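Asks: Below is upload_4.txt; it holds compact mmCIF, C-alpha atoms.
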# COMPACT_ATOMS: atom_id res chain seq x y z
CA MET I 1 88.30 131.85 143.10
CA LEU I 2 91.07 131.37 145.67
CA PRO I 3 94.58 130.87 144.28
CA TRP I 4 94.72 127.27 145.44
CA LYS I 5 98.25 126.62 144.26
CA ARG I 6 99.50 129.47 146.41
CA VAL I 7 97.45 128.29 149.36
CA LEU I 8 98.48 124.64 149.15
CA ARG I 9 102.19 125.28 148.59
CA PRO I 10 102.90 126.69 152.07
CA LEU I 11 100.70 124.06 153.66
CA ALA I 12 102.75 121.40 151.89
CA ALA I 13 105.91 123.02 153.24
CA LEU I 14 104.60 122.81 156.79
CA LEU I 15 103.66 119.18 156.30
CA LEU I 16 107.16 118.51 154.95
CA THR I 17 108.64 120.12 158.04
CA ALA I 18 106.53 117.91 160.26
CA ALA I 19 107.40 114.80 158.27
CA VAL I 20 111.13 115.50 158.47
CA ALA I 21 110.85 116.10 162.19
CA THR I 22 109.30 112.70 162.86
CA VAL I 23 111.92 110.56 161.13
CA PRO I 24 114.45 110.32 163.98
CA ALA I 25 111.89 111.09 166.69
CA ALA I 26 113.42 108.49 169.01
CA THR I 27 116.49 110.70 169.41
CA ALA I 28 114.58 113.90 170.12
CA ALA I 29 113.86 113.40 173.81
CA ALA I 30 116.40 116.00 174.91
CA ALA I 31 119.22 118.16 173.63
CA ASP I 32 121.75 116.16 175.63
CA ALA I 33 120.88 113.06 173.60
CA ALA I 34 122.81 114.42 170.62
CA PRO I 35 126.17 112.84 169.72
CA SER I 36 128.82 113.63 172.34
CA THR I 37 131.67 114.44 169.99
CA GLY I 38 131.28 118.20 170.12
CA TRP I 39 127.53 118.44 169.54
CA ASN I 40 126.06 119.07 172.99
CA ASP I 41 129.20 117.72 174.59
CA PHE I 42 129.45 120.03 177.59
CA SER I 43 133.06 119.00 178.15
CA CYS I 44 134.00 120.54 174.79
CA LYS I 45 136.43 123.45 175.09
CA PRO I 46 136.64 125.98 172.26
CA SER I 47 139.94 126.16 170.41
CA ALA I 48 142.04 129.24 169.76
CA ALA I 49 140.93 129.05 166.12
CA HIS I 50 137.25 128.93 167.09
CA PRO I 51 137.03 130.49 170.53
CA ARG I 52 133.24 130.80 170.69
CA PRO I 53 130.76 127.94 171.05
CA VAL I 54 127.97 127.81 168.47
CA VAL I 55 124.39 127.48 169.68
CA LEU I 56 121.93 126.18 167.08
CA VAL I 57 118.33 127.38 167.42
CA HIS I 58 115.72 125.27 165.61
CA GLY I 59 112.64 126.54 163.82
CA THR I 60 108.91 126.13 164.37
CA LEU I 61 107.92 122.45 164.60
CA GLY I 62 111.61 121.52 164.78
CA ASN I 63 113.70 120.28 167.68
CA SER I 64 117.28 120.26 168.91
CA VAL I 65 118.25 117.13 166.99
CA ASP I 66 116.27 116.80 163.78
CA ASN I 67 116.82 120.37 162.60
CA TRP I 68 120.60 119.97 162.85
CA LEU I 69 121.44 116.48 161.63
CA SER I 70 123.48 118.04 158.81
CA LEU I 71 124.65 121.44 160.02
CA ALA I 72 125.83 120.35 163.48
CA PRO I 73 128.30 117.75 162.11
CA TYR I 74 129.31 120.21 159.37
CA LEU I 75 130.42 122.73 161.99
CA GLU I 76 131.74 120.11 164.37
CA THR I 77 134.16 118.73 161.79
CA ARG I 78 135.43 122.28 161.28
CA GLY I 79 136.50 122.49 164.89
CA TYR I 80 133.56 124.18 166.61
CA CYS I 81 131.97 123.27 169.91
CA VAL I 82 128.34 122.94 168.85
CA PHE I 83 125.24 122.97 171.03
CA SER I 84 121.49 122.94 170.43
CA LEU I 85 118.40 123.30 172.58
CA ASP I 86 114.70 122.55 172.57
CA TYR I 87 112.44 125.50 173.25
CA GLY I 88 108.80 126.53 173.02
CA GLN I 89 107.23 123.20 173.99
CA LEU I 90 103.48 123.10 174.53
CA THR I 91 102.09 120.87 177.26
CA GLY I 92 101.28 117.47 175.85
CA VAL I 93 102.99 118.10 172.51
CA PRO I 94 106.21 116.07 172.15
CA VAL I 95 108.86 116.32 169.41
CA PHE I 96 107.37 119.43 167.75
CA TYR I 97 108.71 122.52 169.49
CA GLY I 98 108.76 126.26 168.85
CA LEU I 99 105.02 126.62 169.41
CA GLY I 100 105.00 128.47 172.72
CA PRO I 101 105.10 132.26 173.21
CA ILE I 102 108.30 133.55 171.63
CA ASP I 103 109.23 135.82 174.53
CA THR I 104 109.11 132.78 176.82
CA SER I 105 111.21 130.82 174.33
CA ALA I 106 113.77 133.64 174.35
CA GLY I 107 114.07 133.19 178.10
CA GLN I 108 114.80 129.50 177.55
CA LEU I 109 117.50 130.42 175.05
CA SER I 110 118.99 132.84 177.59
CA ALA I 111 119.28 130.10 180.21
CA PHE I 112 120.81 127.70 177.69
CA VAL I 113 123.42 130.19 176.51
CA ASP I 114 124.38 130.83 180.14
CA ARG I 115 124.81 127.08 180.62
CA VAL I 116 126.98 126.79 177.50
CA LEU I 117 129.17 129.74 178.46
CA ALA I 118 129.63 128.39 181.98
CA ALA I 119 130.62 124.95 180.69
CA THR I 120 132.96 126.13 177.95
CA GLY I 121 134.49 129.09 179.75
CA ALA I 122 133.87 131.29 176.71
CA ALA I 123 132.99 134.94 177.10
CA LYS I 124 130.51 134.94 174.20
CA ALA I 125 128.67 132.52 171.94
CA ASP I 126 127.57 132.63 168.32
CA LEU I 127 123.96 131.81 167.44
CA VAL I 128 122.75 130.14 164.25
CA GLY I 129 119.00 129.84 163.79
CA HIS I 130 116.61 128.51 161.18
CA SER I 131 113.25 130.20 160.56
CA GLN I 132 111.82 131.17 163.98
CA GLY I 133 115.26 130.24 165.30
CA GLY I 134 116.64 133.30 163.51
CA LEU I 135 113.85 135.55 164.75
CA MET I 136 113.48 134.54 168.39
CA PRO I 137 117.10 135.28 169.39
CA ARG I 138 116.57 138.91 168.42
CA TYR I 139 114.24 139.22 171.42
CA TYR I 140 116.91 137.68 173.64
CA LEU I 141 119.51 140.12 172.32
CA LYS I 142 117.27 143.17 172.63
CA PHE I 143 115.36 142.62 175.86
CA LEU I 144 117.06 139.88 177.91
CA GLY I 145 120.68 141.01 177.99
CA GLY I 146 121.85 138.68 175.25
CA ALA I 147 123.87 141.31 173.42
CA ALA I 148 126.55 141.12 176.11
CA LYS I 149 126.87 137.36 175.62
CA VAL I 150 126.56 136.95 171.85
CA ASN I 151 129.05 137.83 169.14
CA ALA I 152 127.01 136.96 166.05
CA LEU I 153 123.51 135.91 165.02
CA VAL I 154 123.23 134.03 161.74
CA GLY I 155 119.72 133.44 160.40
CA LEU I 156 118.82 130.81 157.80
CA ALA I 157 115.51 131.89 156.26
CA PRO I 158 114.57 133.81 159.41
CA ASP I 159 111.07 135.29 159.47
CA ASN I 160 112.41 138.50 160.93
CA HIS I 161 109.33 140.52 160.02
CA GLY I 162 106.77 137.74 160.11
CA ALA I 163 105.73 134.76 158.04
CA THR I 164 102.84 135.20 155.63
CA LEU I 165 103.01 131.62 154.27
CA SER I 166 102.86 132.94 150.70
CA GLY I 167 99.90 135.13 151.68
CA LEU I 168 97.94 132.44 153.53
CA THR I 169 97.85 134.43 156.77
CA ASN I 170 96.12 137.23 154.88
CA LEU I 171 93.07 134.97 154.76
CA LEU I 172 92.68 134.78 158.55
CA PRO I 173 90.41 137.86 158.79
CA TYR I 174 87.94 136.11 156.47
CA PHE I 175 87.43 133.33 159.02
CA PRO I 176 85.87 134.73 162.22
CA GLY I 177 87.69 133.55 165.31
CA ALA I 178 90.58 132.00 163.39
CA SER I 179 93.19 134.47 164.67
CA ASP I 180 92.03 134.05 168.26
CA LEU I 181 92.16 130.28 167.90
CA VAL I 182 95.74 130.35 166.60
CA LYS I 183 96.79 132.66 169.43
CA ALA I 184 95.13 130.49 172.07
CA THR I 185 96.40 127.14 170.84
CA THR I 186 99.80 127.93 169.28
CA PRO I 187 100.94 131.35 170.51
CA GLY I 188 104.34 130.91 168.87
CA LEU I 189 102.65 130.82 165.47
CA ALA I 190 100.48 133.83 166.29
CA ASP I 191 103.57 135.81 167.30
CA GLN I 192 105.01 135.27 163.81
CA ILE I 193 102.03 136.67 161.93
CA PRO I 194 102.92 140.09 160.47
CA GLY I 195 101.47 142.87 162.59
CA SER I 196 101.42 140.82 165.80
CA GLY I 197 102.03 142.54 169.11
CA PHE I 198 105.23 140.57 169.50
CA LEU I 199 106.68 141.74 166.18
CA THR I 200 105.57 145.31 166.78
CA LYS I 201 107.46 145.37 170.07
CA LEU I 202 110.51 143.62 168.62
CA ASP I 203 110.85 145.93 165.62
CA ALA I 204 110.30 149.19 167.53
CA GLY I 205 113.48 151.21 167.64
CA GLY I 206 115.30 149.23 164.96
CA ASP I 207 116.10 145.67 163.94
CA THR I 208 119.47 145.27 165.63
CA VAL I 209 121.39 146.06 168.78
CA PRO I 210 124.97 147.36 168.97
CA GLY I 211 127.83 144.93 169.39
CA VAL I 212 126.27 141.96 167.58
CA HIS I 213 127.15 140.94 164.02
CA TYR I 214 124.06 139.92 162.03
CA THR I 215 123.89 137.72 158.93
CA VAL I 216 120.70 136.79 157.09
CA ILE I 217 120.79 134.03 154.45
CA ALA I 218 117.59 133.96 152.40
CA THR I 219 116.31 132.01 149.41
CA LYS I 220 114.00 133.45 146.78
CA TYR I 221 112.12 130.15 146.73
CA ASP I 222 110.99 130.56 150.33
CA GLU I 223 107.28 129.83 150.67
CA VAL I 224 106.96 130.46 154.42
CA ALA I 225 108.85 133.64 155.36
CA THR I 226 107.39 135.65 152.49
CA PRO I 227 108.07 137.86 150.74
CA TRP I 228 111.65 136.66 151.09
CA GLN I 229 112.90 140.25 151.24
CA SER I 230 111.10 140.61 154.58
CA GLN I 231 113.75 138.36 156.11
CA TYR I 232 116.39 141.05 155.68
CA LEU I 233 117.45 143.23 158.59
CA SER I 234 118.43 146.88 158.62
CA GLY I 235 121.38 148.05 160.65
CA SER I 236 124.98 149.14 160.61
CA ASP I 237 126.37 145.64 161.18
CA VAL I 238 124.15 143.48 158.96
CA HIS I 239 125.07 141.23 156.07
CA ASN I 240 122.00 140.26 154.03
CA VAL I 241 122.60 137.67 151.33
CA LEU I 242 120.36 135.91 148.83
CA LEU I 243 121.37 132.30 148.31
CA GLN I 244 120.75 132.50 144.55
CA ASP I 245 123.24 135.37 144.27
CA LEU I 246 125.85 132.90 145.48
CA CYS I 247 124.64 129.99 143.35
CA PRO I 248 121.85 130.59 140.82
CA LEU I 249 121.31 126.83 140.57
CA ASP I 250 120.38 126.47 144.23
CA LEU I 251 116.66 125.63 144.43
CA SER I 252 116.41 125.31 148.22
CA GLU I 253 113.20 126.58 149.78
CA HIS I 254 112.39 127.35 153.41
CA VAL I 255 112.92 123.88 154.84
CA ALA I 256 115.87 122.72 152.73
CA ILE I 257 118.03 125.77 153.42
CA GLY I 258 118.18 124.83 157.08
CA LEU I 259 118.24 121.06 156.84
CA PHE I 260 120.83 120.12 154.23
CA ASP I 261 121.93 122.96 151.95
CA ARG I 262 125.74 122.91 152.12
CA ILE I 263 125.96 126.09 150.03
CA ALA I 264 124.05 127.88 152.78
CA PHE I 265 126.16 126.08 155.38
CA HIS I 266 129.34 127.41 153.75
CA GLU I 267 128.00 130.92 154.12
CA VAL I 268 127.21 130.17 157.77
CA ALA I 269 130.83 129.14 158.28
CA ASN I 270 131.95 132.38 156.65
CA ALA I 271 129.75 134.39 159.02
CA LEU I 272 131.18 132.57 162.03
CA ASP I 273 134.80 133.15 160.97
CA PRO I 274 134.97 136.24 158.71
CA PRO I 275 138.80 136.52 158.72
CA HIS I 276 139.03 133.12 157.04
CA ALA I 277 135.96 133.39 154.80
CA THR I 278 136.16 132.00 151.28
CA ALA I 279 133.87 132.65 148.34
CA THR I 280 130.58 130.77 148.48
CA THR I 281 129.67 129.32 145.09
CA CYS I 282 127.80 126.35 143.66
CA ALA I 283 130.96 124.33 144.26
CA SER I 284 130.52 124.88 147.99
CA ALA I 285 127.92 122.10 147.87
CA PHE I 286 130.88 119.69 147.69
CA SER I 287 133.15 121.35 150.23
Could you render the structure from this file as structure tokens?

Replies:
Amino acid sequence: MLPWKRVLRPLAALLLTAAVATVPAATAAAADAAPSTGWNDFSCKPSAAHPRPVVLVHGTLGNSVDNWLSLAPYLETRGYCVFSLDYGQLTGVPVFYGLGPIDTSAGQLSAFVDRVLAATGAAKADLVGHSQGGLMPRYYLKFLGGAAKVNALVGLAPDNHGATLSGLTNLLPYFPGASDLVKATTPGLADQIPGSGFLTKLDAGGDTVPGVHYTVIATKYDEVATPWQSQYLSGSDVHNVLLQDLCPLDLSEHVAIGLFDRIAFHEVANALDPPHATATTCASAFS
């Protein structure tokens, strides 16, 4: 008998992601529709304290607004120029992005970072991504010249080595044609299946590139990027952290860690400004 609880749990997570994404759908038409007080305000100039703009990269089924309704203001109030983009749109599919081929999405990120750097006058940007948003920028850094334009990549529950959906993707071979259907209809999802051609190319020669500071923030309750240890990167300039090592009481799973977990957000702020980092604890939820 199939382990139905394990099968249904990741499906429920995906449905939750979709449900969250539809709530403020009216504001998701474009990245420039975000509040103009530092979040996608292209007149924003980085301060001496925070000299690099922060580009937020949403996850699969997310978009430039809904994924960042909490984190963007969190960083904005701390003095950052914050930007976000939509990427990976399929023809005829509104609101839900991150479904197109990931290498193409990385090209869209490249163009957006260039636009942000030109507008702000900054030499480099910092990237913060959730789920696929932590994975996709690695392609940009490795193959599209992004390493020269990016100081740090911070991943919140990034599926750096694929997303098994708590083992659900392991069932695909038992359904003839299922893998081909996923690849044909939602190539961005197919690229995230462990063993895909995309991941094989991305991981060849090492996880990281010189000159970029990497941070991975994972939760042991993740039901999408599983096993959660697969999110970690290997490299000389990598900081891998488990959320529950910072606060054992934190029950955030794959969606929550990116949408509203202020403990995770505090660790993001630390990664963006290491010289002024403070200890992340359970109390960071109220900071």

Asks: Which of these residues is nearest to Ser64 of chain I, using all atoms listed in the file: I:Phe96, I:Phe42, I:His50, I:Ile102?

Replies: I:Phe96

Asks: With distances taken over only C-alpha atoms, which of I:Val209, I:Ile217, I:Leu246, I:Ala122 is nearest to Gly146 of chain I?

Replies: I:Val209

Asks: Considering all atoms listed in the file, state which residue in the set I:Val216, I:His266, I:Val95, I:His239 is at the smallest distance from Asp66 of chain I.

Replies: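 Residue with the minimum atom-to-atom distance to Asp66 of chain I: I:Val95.
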
Asks: Between atom CA of Leu56 of chain I and atom CA of Lys220 of chain I, what is the distance in Å, rounded to a tenth?

Replies: 23.0 Å

Asks: Just want the 10 Å neighbourhood of Thr120 of chain I, counted on all atoms listed in the file, with same-chain residues fewer than 5 positions away dropped. Output as a ChimeraX atom specification.

Replies: /I:41-46,51-53,81,115,125

Asks: Counting all atoms listed in the file, figure out which residue out of I:Pro94, I:Pro248, I:Pro101, I:Gly121 gets nearest to Thr185 of chain I.

Replies: I:Pro101

Asks: Would you list the contacts of Val154 of chain I as a ChimeraX atom specification, taking every protein, DNA or RNA residue within 7 Å and counting all atoms listed in the file, but skipping same-chain residues closer than 5 positions in sequence?

Replies: /I:127-129,134,214-216,268

Asks: For C-alpha atoms, I'd like the residues from the last selection saved as a CSV table (one decimal), in the coordinates of the input.

Replies:
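The result, stored in out.csv:
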chain,number,residue,atom,x,y,z
I,127,LEU,CA,124.0,131.8,167.4
I,128,VAL,CA,122.8,130.1,164.2
I,129,GLY,CA,119.0,129.8,163.8
I,134,GLY,CA,116.6,133.3,163.5
I,214,TYR,CA,124.1,139.9,162.0
I,215,THR,CA,123.9,137.7,158.9
I,216,VAL,CA,120.7,136.8,157.1
I,268,VAL,CA,127.2,130.2,157.8

Asks: Figure out the distance between atom CA of Thr77 of chain I and atom CA of Asp222 of chain I, please, to one decimal in Å.

Replies: 28.4 Å

Asks: In Å, with one decimal, what is the gap from atom CA of Trp68 of chain I to atom CA of Gly98 of chain I?

Replies: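 Separating atom CA of Trp68 of chain I from atom CA of Gly98 of chain I is a distance of 14.7 Å.
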
Asks: Between I:Asp250, I:Asp207, I:Asp126, I:Asp191, which has the minimum distance to Ala271 of chain I (counting only C-alpha atoms)?

Replies: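 Under the stated criterion, the closest residue is I:Asp126.
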
Asks: Which residue, I:Thr278, I:Gly88, I:Asn270, I:Ser284, has the smallest gap to Leu189 of chain I when you use only C-alpha atoms?

Replies: I:Gly88

Asks: Counting all atoms listed in the file, select every polymer residue within 12 Å of (105.0, 126.3, 171.7) as defined in the file's coordinates, and provide the selection as a compact mmCIF listing (two decimals) with C-alpha atoms, in the frame of the given file.

Replies:
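Result file result_10.txt:
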# COMPACT_ATOMS: atom_id res chain seq x y z
CA GLY I 59 112.64 126.54 163.82
CA THR I 60 108.91 126.13 164.37
CA LEU I 61 107.92 122.45 164.60
CA GLY I 62 111.61 121.52 164.78
CA ASN I 63 113.70 120.28 167.68
CA ASP I 86 114.70 122.55 172.57
CA TYR I 87 112.44 125.50 173.25
CA GLY I 88 108.80 126.53 173.02
CA GLN I 89 107.23 123.20 173.99
CA LEU I 90 103.48 123.10 174.53
CA THR I 91 102.09 120.87 177.26
CA GLY I 92 101.28 117.47 175.85
CA VAL I 93 102.99 118.10 172.51
CA PRO I 94 106.21 116.07 172.15
CA VAL I 95 108.86 116.32 169.41
CA PHE I 96 107.37 119.43 167.75
CA TYR I 97 108.71 122.52 169.49
CA GLY I 98 108.76 126.26 168.85
CA LEU I 99 105.02 126.62 169.41
CA GLY I 100 105.00 128.47 172.72
CA PRO I 101 105.10 132.26 173.21
CA ILE I 102 108.30 133.55 171.63
CA ASP I 103 109.23 135.82 174.53
CA THR I 104 109.11 132.78 176.82
CA SER I 105 111.21 130.82 174.33
CA ALA I 106 113.77 133.64 174.35
CA GLN I 108 114.80 129.50 177.55
CA GLN I 132 111.82 131.17 163.98
CA VAL I 182 95.74 130.35 166.60
CA LYS I 183 96.79 132.66 169.43
CA ALA I 184 95.13 130.49 172.07
CA THR I 185 96.40 127.14 170.84
CA THR I 186 99.80 127.93 169.28
CA PRO I 187 100.94 131.35 170.51
CA GLY I 188 104.34 130.91 168.87
CA LEU I 189 102.65 130.82 165.47
CA ALA I 190 100.48 133.83 166.29
CA ASP I 191 103.57 135.81 167.30
CA GLN I 192 105.01 135.27 163.81

Asks: I'd like a table as a tab-separated table: residues in segment 53-143 of chain I with an atom no more than 7 Å from segment 255-265 of chain I, each row giving the shortest atom pair and its distance in Å to one decimal, only C-alpha atoms counted, sorted by chain and rising residue number.

Replies:
residue	atom	partner	partner_atom	distance
I:Asn67	CA	I:Leu259	CA	6.0
I:Trp68	CA	I:Leu259	CA	6.5
I:Ser70	CA	I:Phe260	CA	5.7
I:Leu71	CA	I:Phe265	CA	6.7
I:His130	CA	I:Gly258	CA	5.7

Asks: Enclose segment 218-225 of chain I, meaning all of its atoms listed in the file, in a box aligned along x, y and z, pad it by 3 Å on each side, and list the centre and edge lengths in Å to one decimal, as JSON.

Replies:
{"center_x": 112.3, "center_y": 131.9, "center_z": 151.0, "size_x": 16.6, "size_y": 10.1, "size_z": 14.6}

Asks: Taking 5 positions as the minimum chain separation for residues in the same chain, which residues sit within 8 Å of Tyr232 of chain I when counting all atoms listed in the file? Answer as JSON, numbers by chain.

Replies: {"I": [160, 216, 218, 240]}
